[in-house]
>>> print(open('model24.cif').read())   # mmCIF, C-alpha atoms
data_structure
#
loop_
_atom_site.label_atom_id
_atom_site.label_comp_id
_atom_site.auth_asym_id
_atom_site.auth_seq_id
_atom_site.Cartn_x
_atom_site.Cartn_y
_atom_site.Cartn_z
CA MET D 1 89.74 104.68 102.88
CA SER D 2 91.74 104.59 99.67
CA THR D 3 94.70 103.03 101.44
CA LEU D 4 92.64 99.87 101.95
CA GLN D 5 92.83 98.91 98.29
CA VAL D 6 95.70 96.62 99.30
CA ARG D 7 98.10 97.35 96.48
CA VAL D 8 101.80 96.97 97.08
CA PRO D 9 103.98 99.15 94.82
CA GLY D 10 106.97 97.64 93.08
CA VAL D 11 109.41 99.49 95.32
CA VAL D 12 107.79 97.91 98.40
CA LYS D 13 107.99 94.45 96.86
CA ARG D 14 111.66 95.01 96.06
CA MET D 15 112.26 96.13 99.63
CA LEU D 16 110.50 93.06 101.02
CA THR D 17 112.43 90.80 98.69
CA SER D 18 115.72 92.33 99.80
CA LEU D 19 114.74 91.91 103.45
CA VAL D 20 113.96 88.24 103.23
CA LEU D 21 116.95 87.43 101.05
CA ARG D 22 119.31 88.91 103.62
CA ARG D 23 117.74 86.76 106.30
CA ILE D 24 117.53 83.36 104.59
CA ARG D 25 120.05 83.32 101.73
CA LYS D 26 122.37 81.23 103.91
CA LYS D 27 119.73 78.86 105.19
CA GLY D 28 119.32 76.12 102.59
CA ILE D 29 116.92 77.49 99.94
CA ASP D 30 118.15 80.55 98.07
CA LEU D 31 114.88 82.25 97.17
CA SER D 32 116.72 84.58 94.79
CA THR D 33 116.85 81.65 92.38
CA ILE D 34 113.06 81.24 92.47
CA SER D 35 111.86 84.29 90.60
CA PHE D 36 109.43 82.25 88.50
CA LEU D 37 107.31 79.14 88.56
CA PRO D 38 107.10 76.64 85.70
CA GLU D 39 103.98 77.24 83.62
CA GLU D 40 102.26 74.01 84.64
CA THR D 41 102.83 74.77 88.31
CA LYS D 42 100.95 78.05 87.93
CA ILE D 43 97.75 76.31 86.83
CA PRO D 44 96.28 75.74 90.34
CA LEU D 45 96.70 79.48 91.02
CA GLN D 46 95.18 80.75 87.78
CA ARG D 47 91.58 81.34 86.72
CA ASP D 48 89.56 82.06 83.65
CA ALA D 49 87.44 84.82 85.21
CA THR D 50 85.94 82.98 88.21
CA ASP D 51 86.57 79.47 86.85
CA PRO D 52 89.57 77.23 87.53
CA LEU D 53 91.50 76.51 84.35
CA PRO D 54 90.13 73.54 82.33
CA LYS D 55 93.33 71.62 83.05
CA ILE D 56 92.23 71.20 86.67
CA ALA D 57 89.10 69.31 85.56
CA GLU D 58 91.18 67.23 83.12
CA TRP D 59 93.55 66.19 85.90
CA ARG D 60 90.64 65.43 88.22
CA GLU D 61 89.07 63.13 85.65
CA SER D 62 92.26 61.40 84.51
CA GLU D 63 94.48 61.00 87.59
CA PRO D 64 93.88 61.24 91.34
CA MET D 65 97.32 62.83 91.85
CA HIS D 66 99.20 64.95 89.32
CA LYS D 67 102.94 65.35 89.70
CA LEU D 68 104.02 69.01 89.55
CA ASP D 69 107.28 70.39 88.28
CA LEU D 70 108.53 72.64 91.08
CA PRO D 71 111.84 74.58 91.22
CA PHE D 72 112.80 72.80 94.46
CA ASP D 73 114.65 69.60 95.20
CA PHE D 74 111.58 67.64 96.26
CA THR D 75 108.59 65.96 94.66
CA ALA D 76 105.13 67.50 94.78
CA TYR D 77 101.73 66.15 93.81
CA LEU D 78 98.41 67.94 93.32
CA VAL D 79 95.09 66.33 94.22
CA THR D 80 91.99 67.84 92.61
CA GLY D 81 89.12 65.49 93.47
CA HIS D 82 86.77 66.23 96.36
CA GLU D 83 87.11 62.88 98.12
CA GLU D 84 90.88 62.72 97.63
CA THR D 85 91.26 66.26 98.96
CA ARG D 86 89.05 65.47 101.94
CA GLN D 87 91.11 62.38 102.74
CA VAL D 88 94.40 64.25 102.57
CA LEU D 89 93.16 67.11 104.74
CA THR D 90 91.73 64.68 107.31
CA ALA D 91 94.79 62.42 107.67
CA ARG D 92 96.53 64.32 110.47
CA ASP D 93 98.91 61.48 111.36
CA GLU D 94 100.14 60.92 107.81
CA TYR D 95 101.37 64.43 107.05
CA SER D 96 103.15 67.39 108.58
CA ASN D 97 102.24 71.02 107.90
CA ASP D 98 105.48 72.37 109.38
CA ILE D 99 107.55 73.93 106.56
CA ARG D 100 110.43 75.22 108.69
CA HIS D 101 112.60 72.29 107.70
CA LEU D 102 112.86 73.88 104.25
CA PHE D 103 114.86 76.73 105.79
CA SER D 104 117.87 74.96 107.27
CA GLY D 105 120.07 76.81 109.73
CA ASP D 106 120.22 77.91 113.33
CA GLY D 107 118.70 80.87 115.12
CA PRO D 108 115.19 82.18 115.58
CA ALA D 109 114.94 83.95 112.22
CA THR D 110 113.91 80.80 110.42
CA SER D 111 111.00 79.97 112.72
CA ASP D 112 110.02 83.61 113.14
CA ASP D 113 109.43 84.03 109.42
CA ILE D 114 106.95 81.14 109.32
CA GLY D 115 104.23 80.44 111.82
CA GLY D 116 100.57 80.33 112.57
CA LEU D 117 98.20 77.43 112.91
CA GLY D 118 98.40 76.50 109.23
CA PHE D 119 102.09 75.66 109.46
CA THR D 120 102.02 74.03 112.92
CA ASP D 121 101.65 70.37 113.87
CA PRO D 122 100.18 68.76 117.01
CA PRO D 123 100.72 68.91 119.90
CA LEU D 124 101.65 72.62 119.54
CA HIS D 125 98.85 73.13 117.03
CA THR D 126 96.35 71.53 119.43
CA ARG D 127 97.40 73.77 122.31
CA LEU D 128 97.35 76.97 120.27
CA ARG D 129 94.03 76.22 118.59
CA LYS D 130 92.47 75.47 121.98
CA ILE D 131 93.48 78.96 123.12
CA ILE D 132 91.83 80.72 120.21
CA THR D 133 88.82 78.51 119.36
CA PRO D 134 86.46 79.94 122.03
CA GLU D 135 86.62 83.36 120.37
CA PHE D 136 85.22 81.92 117.13
CA THR D 137 82.24 79.97 118.40
CA MET D 138 78.87 81.13 117.04
CA ARG D 139 77.83 82.22 120.53
CA ARG D 140 80.87 84.45 121.01
CA LEU D 141 80.69 85.81 117.47
CA ALA D 142 77.06 86.82 117.94
CA ARG D 143 78.19 89.84 119.95
CA LEU D 144 79.94 91.17 116.84
CA GLU D 145 76.83 91.08 114.65
CA PRO D 146 75.41 94.51 115.61
CA LEU D 147 78.87 96.06 115.28
CA ILE D 148 79.30 94.59 111.80
CA GLU D 149 75.83 95.78 110.82
CA GLU D 150 76.70 99.33 111.89
CA ARG D 151 80.00 99.16 110.05
CA VAL D 152 78.33 97.93 106.87
CA GLU D 153 75.84 100.82 106.97
CA ARG D 154 78.70 103.31 107.34
CA GLN D 155 80.53 101.79 104.40
CA LEU D 156 77.38 101.81 102.28
CA ASP D 157 77.12 105.53 103.07
CA ASP D 158 80.75 105.88 102.02
CA LEU D 159 80.04 103.97 98.79
CA ALA D 160 77.08 106.24 98.03
CA LYS D 161 79.13 109.39 98.66
CA ALA D 162 81.96 108.16 96.45
CA ALA D 163 79.47 107.45 93.66
CA ALA D 164 77.83 110.86 94.05
CA ASP D 165 81.23 112.47 93.64
CA ASN D 166 82.04 110.37 90.56
CA GLY D 167 79.01 110.39 88.28
CA GLY D 168 77.23 107.52 90.01
CA VAL D 169 80.19 105.10 89.89
CA ALA D 170 82.30 103.88 92.82
CA ASP D 171 84.75 101.08 93.60
CA LEU D 172 82.93 98.53 95.74
CA ALA D 173 86.20 96.81 96.66
CA GLN D 174 87.68 100.01 98.08
CA HIS D 175 84.59 101.28 99.89
CA LEU D 176 82.96 98.06 101.11
CA ALA D 177 84.62 94.71 100.41
CA PHE D 178 88.03 95.55 101.93
CA PRO D 179 87.19 97.88 104.84
CA VAL D 180 84.42 95.79 106.44
CA PRO D 181 86.46 92.61 107.14
CA PHE D 182 89.64 94.62 107.70
CA GLN D 183 88.15 96.80 110.42
CA THR D 184 86.31 93.84 111.94
CA ILE D 185 89.42 91.71 112.28
CA CYS D 186 91.48 94.62 113.60
CA ASP D 187 88.82 95.25 116.26
CA LEU D 188 88.77 91.56 117.10
CA LEU D 189 92.54 91.45 117.54
CA GLY D 190 92.72 94.81 119.29
CA LEU D 191 95.16 96.46 116.86
CA ASP D 192 95.73 100.20 117.28
CA TYR D 193 94.17 102.40 114.64
CA ASP D 194 97.57 103.91 113.86
CA ASP D 195 98.86 100.45 112.92
CA ARG D 196 96.06 99.46 110.59
CA GLU D 197 96.97 101.22 107.37
CA THR D 198 100.55 99.95 107.58
CA PHE D 199 99.35 96.41 108.12
CA ALA D 200 96.75 96.44 105.34
CA GLY D 201 99.31 96.94 102.60
CA LEU D 202 101.04 93.65 103.36
CA GLY D 203 97.92 91.46 103.22
CA SER D 204 97.71 90.52 99.55
CA ALA D 205 101.46 90.54 98.86
CA ARG D 206 102.07 87.41 100.92
CA PHE D 207 99.64 85.37 98.81
CA ASP D 208 100.87 86.66 95.44
CA ALA D 209 103.39 84.50 93.56
CA THR D 210 103.59 86.85 90.56
CA ASN D 211 106.90 88.33 91.68
CA GLY D 212 108.41 85.09 92.88
CA ALA D 213 108.71 83.39 96.24
CA ALA D 214 111.13 85.94 97.67
CA ALA D 215 108.64 88.79 97.53
CA ALA D 216 105.88 86.65 99.04
CA PHE D 217 108.07 85.44 101.90
CA GLY D 218 109.30 88.99 102.33
CA ALA D 219 105.73 90.12 102.93
CA VAL D 220 105.29 87.30 105.46
CA SER D 221 108.46 88.41 107.26
CA ALA D 222 107.50 92.09 107.33
CA GLN D 223 103.97 91.32 108.48
CA ARG D 224 105.13 89.08 111.28
CA GLU D 225 107.72 91.64 112.43
CA PHE D 226 104.88 94.13 112.63
CA LEU D 227 102.88 91.70 114.78
CA PHE D 228 105.87 90.96 117.01
CA ASP D 229 106.01 94.67 117.76
CA ALA D 230 102.25 94.83 118.44
CA VAL D 231 102.48 91.82 120.78
CA ALA D 232 105.49 93.29 122.61
CA ARG D 233 103.61 96.55 123.22
CA GLN D 234 100.56 94.70 124.50
CA ARG D 235 102.72 92.64 126.84
CA LEU D 236 103.28 95.91 128.70
CA GLU D 237 99.68 97.11 128.37
CA PRO D 238 97.21 94.46 127.16
CA GLY D 239 94.53 95.88 124.90
CA PRO D 240 90.81 95.07 124.81
CA GLY D 241 91.02 92.66 121.87
CA LEU D 242 92.04 89.05 121.38
CA ILE D 243 95.80 89.69 121.65
CA GLY D 244 95.36 91.38 125.03
CA GLN D 245 92.92 88.72 126.23
CA ILE D 246 95.33 85.89 125.43
CA ILE D 247 98.14 87.73 127.22
CA ARG D 248 95.93 88.15 130.31
CA ASP D 249 94.83 84.51 130.22
CA GLU D 250 98.08 82.80 129.26
CA GLY D 251 100.81 85.19 130.43
CA ASP D 252 104.30 83.81 129.83
CA ALA D 253 102.86 80.39 128.98
CA ILE D 254 102.54 81.60 125.38
CA SER D 255 105.59 83.04 123.63
CA ASP D 256 105.59 86.19 121.51
CA VAL D 257 106.39 84.00 118.49
CA ASP D 258 103.35 81.78 119.03
CA LEU D 259 101.03 84.68 119.86
CA ALA D 260 102.15 86.65 116.81
CA GLY D 261 101.58 83.51 114.73
CA LEU D 262 98.03 83.21 116.06
CA ALA D 263 97.34 86.88 115.37
CA ASP D 264 98.85 86.51 111.92
CA GLY D 265 96.61 83.57 111.10
CA VAL D 266 93.49 85.33 112.35
CA PHE D 267 94.28 88.46 110.36
CA THR D 268 95.25 86.89 107.06
CA GLY D 269 92.47 84.30 107.24
CA GLY D 270 89.82 86.79 108.28
CA PHE D 271 90.62 89.75 106.06
CA GLU D 272 91.93 88.92 102.59
CA THR D 273 89.68 85.93 102.01
CA THR D 274 86.46 87.63 103.14
CA ALA D 275 87.28 90.78 101.20
CA GLY D 276 87.65 88.67 98.07
CA MET D 277 84.39 86.87 98.75
CA ILE D 278 82.42 90.12 99.19
CA ALA D 279 83.70 91.64 95.96
CA LEU D 280 83.53 88.50 93.83
CA GLY D 281 80.26 87.39 95.41
CA THR D 282 78.66 90.70 94.49
CA MET D 283 79.93 90.32 90.93
CA VAL D 284 78.42 86.82 90.64
CA LEU D 285 75.05 87.92 92.04
CA LEU D 286 74.86 90.76 89.54
CA ARG D 287 75.07 88.31 86.65
CA ASP D 288 71.38 87.49 86.97
CA PRO D 289 68.61 89.66 88.47
CA ALA D 290 67.11 86.51 89.99
CA TYR D 291 70.26 85.90 92.05
CA ALA D 292 70.22 89.46 93.35
CA ALA D 293 66.48 89.30 94.13
CA LEU D 294 66.85 86.05 96.07
CA THR D 295 69.63 87.56 98.16
CA ARG D 296 67.85 90.89 98.64
CA ASP D 297 64.33 89.61 99.39
CA GLY D 298 64.81 86.01 100.44
CA SER D 299 64.56 84.41 103.86
CA ARG D 300 67.50 83.74 106.14
CA GLU D 301 67.53 80.18 104.78
CA ASP D 302 67.64 81.53 101.21
CA VAL D 303 70.56 83.83 102.02
CA ASP D 304 72.40 81.00 103.75
CA GLY D 305 72.02 78.93 100.58
CA VAL D 306 73.37 81.77 98.46
CA VAL D 307 76.37 82.21 100.75
CA GLU D 308 77.24 78.50 100.78
CA GLU D 309 76.99 78.26 97.00
CA LEU D 310 79.18 81.35 96.60
CA LEU D 311 81.76 79.79 98.90
CA ARG D 312 81.72 76.56 96.88
CA TYR D 313 81.67 78.23 93.49
CA LEU D 314 84.36 80.85 94.15
CA ALA D 315 86.67 78.92 96.52
CA VAL D 316 88.89 81.98 96.88
CA VAL D 317 91.53 80.01 98.81
CA GLN D 318 92.72 78.09 95.79
CA VAL D 319 95.20 75.65 97.36
CA ALA D 320 95.30 74.29 100.92
CA PHE D 321 98.38 74.48 103.12
CA PRO D 322 101.02 72.03 101.83
CA ARG D 323 101.24 68.65 103.50
CA PHE D 324 104.55 66.75 103.80
CA ALA D 325 104.37 62.97 103.86
CA LYS D 326 105.78 61.61 107.12
CA ARG D 327 106.58 58.19 105.67
CA ASP D 328 106.64 56.22 102.45
CA MET D 329 103.10 55.25 101.45
CA MET D 330 100.84 54.31 98.58
CA LEU D 331 98.40 57.16 98.00
CA PHE D 332 95.60 56.84 95.45
CA GLY D 333 97.68 54.38 93.46
CA THR D 334 100.88 56.48 93.52
CA GLN D 335 104.00 55.63 95.51
CA VAL D 336 104.79 58.60 97.75
CA LYS D 337 108.05 58.95 99.65
CA ALA D 338 108.63 60.55 103.02
CA GLY D 339 109.08 64.28 102.55
CA ASP D 340 107.06 64.47 99.34
CA VAL D 341 104.63 67.39 99.19
CA ILE D 342 100.89 66.88 98.72
CA LEU D 343 98.98 69.95 97.56
CA ALA D 344 95.18 70.05 97.44
CA SER D 345 93.29 72.17 94.93
CA LEU D 346 90.28 73.49 96.86
CA SER D 347 88.89 75.19 93.77
CA GLY D 348 89.17 71.91 91.86
CA ALA D 349 87.62 69.86 94.67
CA ASN D 350 84.66 72.22 94.92
CA ARG D 351 83.90 71.79 91.22
CA ASP D 352 83.93 67.99 91.46
CA PRO D 353 80.53 66.66 90.25
CA GLU D 354 80.86 63.73 92.64
CA ALA D 355 80.34 66.22 95.49
CA ALA D 356 78.67 69.27 93.94
CA GLY D 357 76.19 67.40 91.75
CA GLU D 358 75.14 68.35 88.23
CA SER D 359 76.71 71.31 86.40
CA PRO D 360 79.35 72.05 89.04
CA GLU D 361 80.87 74.77 86.84
CA SER D 362 77.73 76.89 87.17
CA PHE D 363 76.54 79.01 90.08
CA ASP D 364 73.22 77.70 91.37
CA PRO D 365 71.89 79.17 94.64
CA TYR D 366 69.29 76.34 94.76
CA ARG D 367 71.93 73.62 94.52
CA VAL D 368 71.61 70.66 96.87
CA PRO D 369 75.17 69.27 96.90
CA LYS D 370 75.92 65.62 97.52
CA SER D 371 78.64 66.60 99.99
CA GLY D 372 79.74 69.77 101.78
CA HIS D 373 82.16 72.16 100.11
CA LEU D 374 85.81 72.53 101.12
CA ALA D 375 86.14 76.31 100.78
CA PHE D 376 87.35 76.51 104.39
CA GLY D 377 89.51 73.41 104.15
CA HIS D 378 88.87 70.36 106.31
CA GLY D 379 90.23 68.54 109.33
CA ILE D 380 92.30 70.06 112.13
CA HIS D 381 93.48 72.91 109.88
CA ARG D 382 90.01 73.96 108.77
CA CYS D 383 89.74 77.76 108.79
CA ILE D 384 88.98 78.85 112.33
CA GLY D 385 87.27 82.01 111.08
CA ALA D 386 84.70 80.21 108.91
CA GLU D 387 81.68 81.32 110.95
CA LEU D 388 82.87 84.93 111.06
CA ALA D 389 83.22 84.93 107.27
CA ARG D 390 79.72 83.51 106.88
CA MET D 391 78.33 86.14 109.25
CA GLU D 392 79.91 88.99 107.33
CA LEU D 393 78.65 87.68 103.99
CA ARG D 394 75.11 87.19 105.36
CA ILE D 395 75.11 90.79 106.57
CA VAL D 396 76.88 92.56 103.70
CA LEU D 397 75.28 91.07 100.59
CA PRO D 398 71.56 91.52 101.41
CA ARG D 399 72.10 95.02 102.85
CA LEU D 400 74.07 96.09 99.79
CA LEU D 401 71.36 94.91 97.39
CA ARG D 402 68.53 96.40 99.46
CA ARG D 403 70.27 99.76 99.68
CA PHE D 404 71.07 99.83 95.96
CA PRO D 405 68.44 97.71 94.13
CA GLU D 406 69.67 99.00 90.75
CA LEU D 407 73.30 98.10 91.45
CA ALA D 408 75.22 97.02 88.33
CA LEU D 409 78.80 96.55 87.21
CA ASP D 410 80.18 99.60 85.45
CA ARG D 411 82.30 97.54 83.07
CA PRO D 412 82.22 94.01 81.66
CA GLU D 413 83.77 91.25 83.78
CA SER D 414 86.31 90.68 81.00
CA GLU D 415 87.76 94.14 81.70
CA LEU D 416 88.19 93.62 85.45
CA SER D 417 91.62 93.11 86.96
CA PHE D 418 91.59 89.67 88.56
CA ARG D 419 94.59 88.43 90.49
CA GLN D 420 96.62 86.38 88.07
CA LEU D 421 98.76 84.22 90.35
CA SER D 422 97.61 84.21 93.95
CA PHE D 423 96.81 81.59 96.57
CA VAL D 424 93.85 83.80 97.53
CA PHE D 425 91.86 84.69 94.41
CA GLY D 426 90.38 88.15 94.16
CA VAL D 427 89.73 91.24 92.10
CA GLU D 428 91.71 94.44 92.55
CA GLU D 429 88.75 96.75 92.04
CA LEU D 430 85.05 96.41 91.33
CA PRO D 431 83.57 99.56 89.74
CA VAL D 432 79.81 99.59 90.21
CA ARG D 433 77.04 101.95 89.19
CA LEU D 434 74.52 102.47 91.96
CA ASP D 435 71.65 103.69 89.74
CA SER D 436 71.53 101.98 86.38
#
>>> encode(input="model24.cif", output="structure tokens")
Amino acid sequence: MSTLQVRVPGVVKRMLTSLVLRRIRKKGIDLSTISFLPEETKIPLQRDATDPLPKIAEWRESEPMHKLDLPFDFTAYLVTGHEETRQVLTARDEYSNDIRHLFSGDGPATSDDIGGLGFTDPPLHTRLRKIITPEFTMRRLARLEPLIEERVERQLDDLAKAAADNGGVADLAQHLAFPVPFQTICDLLGLDYDDRETFAGLGSARFDATNGAAAAFGAVSAQREFLFDAVARQRLEPGPGLIGQIIRDEGDAISDVDLAGLADGVFTGGFETTAGMIALGTMVLLRDPAYAALTRDGSREDVDGVVEELLRYLAVVQVAFPRFAKRDMMLFGTQVKAGDVILASLSGANRDPEAAGESPESFDPYRVPKSGHLAFGHGIHRCIGAELARMELRIVLPRLLRRFPELALDRPESELSFRQLSFVFGVEELPVRLDS
């Protein structure tokens, strides 16, 4: 399973960058000029261990909207408060999520590089979400629970074997956090086993701004081309998963572009984010034996409380999909023009004391928040896989801690390799000792 560590070598990033530059250099934004982000603009994507940078709290307390310095010819604002973020994410008629206008030019390449529910507006968004929503109801997801439980047990066996071969130490990210959601989402979509390792390596690259926008968009392009191929093959012979089911139900009424976009959104939303939550959630629970004991021995209600607090506290999706103002408006005391970009800091909103209550910077599994967290976003673009993520966390974390009651980190948190500049926060590896 070592290939599931989701690391993309420099040569691959250079290849992806070259690919996307060839396709969009002539289309309005030359991504080759965007190899860096101004330091202030990086702040919403950076952390101090698991905490948003202090600047996020300063902005939240001093100004509802903070103007960002972006290397593009448009104006962008960041909202960090819980209520402001909720209002922006709810106002479907005030904003557009479609970013294709940034890539001017003719031909299908522009639209093919960008897609999925997160970048789609109604009425297309409404139609596509209606197609896929039934698969993610709690009733339909319940059939996956025994399969996930079996998979978790296999991965725990794999974790134990890896530790036995390495002096009692193993990488929890490699042997548990990544493979469980990856295999689950591949099964759900109906992706061939031969395709899975290729696809896994592109997951984290698309969310990583460290190497500039070109590399990130290159990963998007390569991943979507992969899905176009998978969709085309299933057009001829629909598989047993979601892709095949949509083809059987919708036929030619859904295009390959739209179906690949749906599959892309399901995969990226259901794999990378949950993998990060499993690894980071384990790390947080190991900070205090009481947290681990509550998760290991507590009731279903106790575990649900732990999961919800982990989602609030970690907020691994750091920034919501960008919103583009459809018209001139006054927003939280700031004059916004049509076309301006509104970004919402989900990690900042989830640490807002007005919603989280006292000591929002601390993890408290007994917290009774004043308002629900925004880890999955809000409004029509709320993460469609939220209940699947919750299910996986409820299964993985208690079983892990019951199987290995002496589980401990093998190195201090300060020595772990956290992602430094990524829309989806995570840790590259999590070495743990199974018997302390």
>>> residues_near_point(input="model24.cif", point="(92.3, 72.9, 100.4)", cutoff="12 Å", atoms="all atoms listed in the file", output="PyMOL selection string")
chain D and resi 44+78-90+118+312+315-323+342-350+373-379+381-383+423-424
>>> write_last_selection(input="model24.cif", atoms="C-alpha atoms", output="PDB file, in the frame of the given file")
ATOM      1  CA  PRO D  44      96.280  75.740  90.340  1.00  0.00           C
ATOM      2  CA  LEU D  78      98.410  67.940  93.320  1.00  0.00           C
ATOM      3  CA  VAL D  79      95.090  66.330  94.220  1.00  0.00           C
ATOM      4  CA  THR D  80      91.990  67.840  92.610  1.00  0.00           C
ATOM      5  CA  GLY D  81      89.120  65.490  93.470  1.00  0.00           C
ATOM      6  CA  HIS D  82      86.770  66.230  96.360  1.00  0.00           C
ATOM      7  CA  GLU D  83      87.110  62.880  98.120  1.00  0.00           C
ATOM      8  CA  GLU D  84      90.880  62.720  97.630  1.00  0.00           C
ATOM      9  CA  THR D  85      91.260  66.260  98.960  1.00  0.00           C
ATOM     10  CA  ARG D  86      89.050  65.470 101.940  1.00  0.00           C
ATOM     11  CA  GLN D  87      91.110  62.380 102.740  1.00  0.00           C
ATOM     12  CA  VAL D  88      94.400  64.250 102.570  1.00  0.00           C
ATOM     13  CA  LEU D  89      93.160  67.110 104.740  1.00  0.00           C
ATOM     14  CA  THR D  90      91.730  64.680 107.310  1.00  0.00           C
ATOM     15  CA  GLY D 118      98.400  76.500 109.230  1.00  0.00           C
ATOM     16  CA  ARG D 312      81.720  76.560  96.880  1.00  0.00           C
ATOM     17  CA  ALA D 315      86.670  78.920  96.520  1.00  0.00           C
ATOM     18  CA  VAL D 316      88.890  81.980  96.880  1.00  0.00           C
ATOM     19  CA  VAL D 317      91.530  80.010  98.810  1.00  0.00           C
ATOM     20  CA  GLN D 318      92.720  78.090  95.790  1.00  0.00           C
ATOM     21  CA  VAL D 319      95.200  75.650  97.360  1.00  0.00           C
ATOM     22  CA  ALA D 320      95.300  74.290 100.920  1.00  0.00           C
ATOM     23  CA  PHE D 321      98.380  74.480 103.120  1.00  0.00           C
ATOM     24  CA  PRO D 322     101.020  72.030 101.830  1.00  0.00           C
ATOM     25  CA  ARG D 323     101.240  68.650 103.500  1.00  0.00           C
ATOM     26  CA  ILE D 342     100.890  66.880  98.720  1.00  0.00           C
ATOM     27  CA  LEU D 343      98.980  69.950  97.560  1.00  0.00           C
ATOM     28  CA  ALA D 344      95.180  70.050  97.440  1.00  0.00           C
ATOM     29  CA  SER D 345      93.290  72.170  94.930  1.00  0.00           C
ATOM     30  CA  LEU D 346      90.280  73.490  96.860  1.00  0.00           C
ATOM     31  CA  SER D 347      88.890  75.190  93.770  1.00  0.00           C
ATOM     32  CA  GLY D 348      89.170  71.910  91.860  1.00  0.00           C
ATOM     33  CA  ALA D 349      87.620  69.860  94.670  1.00  0.00           C
ATOM     34  CA  ASN D 350      84.660  72.220  94.920  1.00  0.00           C
ATOM     35  CA  HIS D 373      82.160  72.160 100.110  1.00  0.00           C
ATOM     36  CA  LEU D 374      85.810  72.530 101.120  1.00  0.00           C
ATOM     37  CA  ALA D 375      86.140  76.310 100.780  1.00  0.00           C
ATOM     38  CA  PHE D 376      87.350  76.510 104.390  1.00  0.00           C
ATOM     39  CA  GLY D 377      89.510  73.410 104.150  1.00  0.00           C
ATOM     40  CA  HIS D 378      88.870  70.360 106.310  1.00  0.00           C
ATOM     41  CA  GLY D 379      90.230  68.540 109.330  1.00  0.00           C
ATOM     42  CA  HIS D 381      93.480  72.910 109.880  1.00  0.00           C
ATOM     43  CA  ARG D 382      90.010  73.960 108.770  1.00  0.00           C
ATOM     44  CA  CYS D 383      89.740  77.760 108.790  1.00  0.00           C
ATOM     45  CA  PHE D 423      96.810  81.590  96.570  1.00  0.00           C
ATOM     46  CA  VAL D 424      93.850  83.800  97.530  1.00  0.00           C
TER      47      VAL D 424
END
>>> resolve_selection(input="model24.cif", expression="the PyMOL selection byres ((chain D and resi 156) around 9)", output="list in words")
Arg151, Val152, Glu153, Arg154, Gln155, Asp157, Asp158, Leu159, Ala160, Lys161, His175, Leu176, Arg399, Leu400 and Arg403 of chain D
>>> axis_aligned_box(input="model24.cif", around="region 333-346 of chain D", padding_each_side="6 Å", output="JSON")
{"center_x": 99.7, "center_y": 63.9, "center_z": 98.2, "size_x": 30.8, "size_y": 31.1, "size_z": 21.6}
>>> resolve_selection(input="model24.cif", expression="the PyMOL selection byres ((chain D and resi 303) around 10)", output="list in words")
Leu294, Thr295, Arg296, Asp297, Gly298, Ser299, Arg300, Glu301, Asp302, Asp304, Gly305, Val306, Val307, Glu308, Glu309, Pro365, Leu393, Arg394, Ile395, Leu397 and Pro398 of chain D
>>> closest_residue(input="model24.cif", among="D:Thr268, D:Leu401, D:Tyr95, D:Asp69", to="Tyr291 (chain D)", atoms="only C-alpha atoms")
D:Leu401
>>> atom_distance(input="model24.cif", atom1="CA of Gln46 (chain D)", atom2="CA of Val169 (chain D)")
28.7 Å
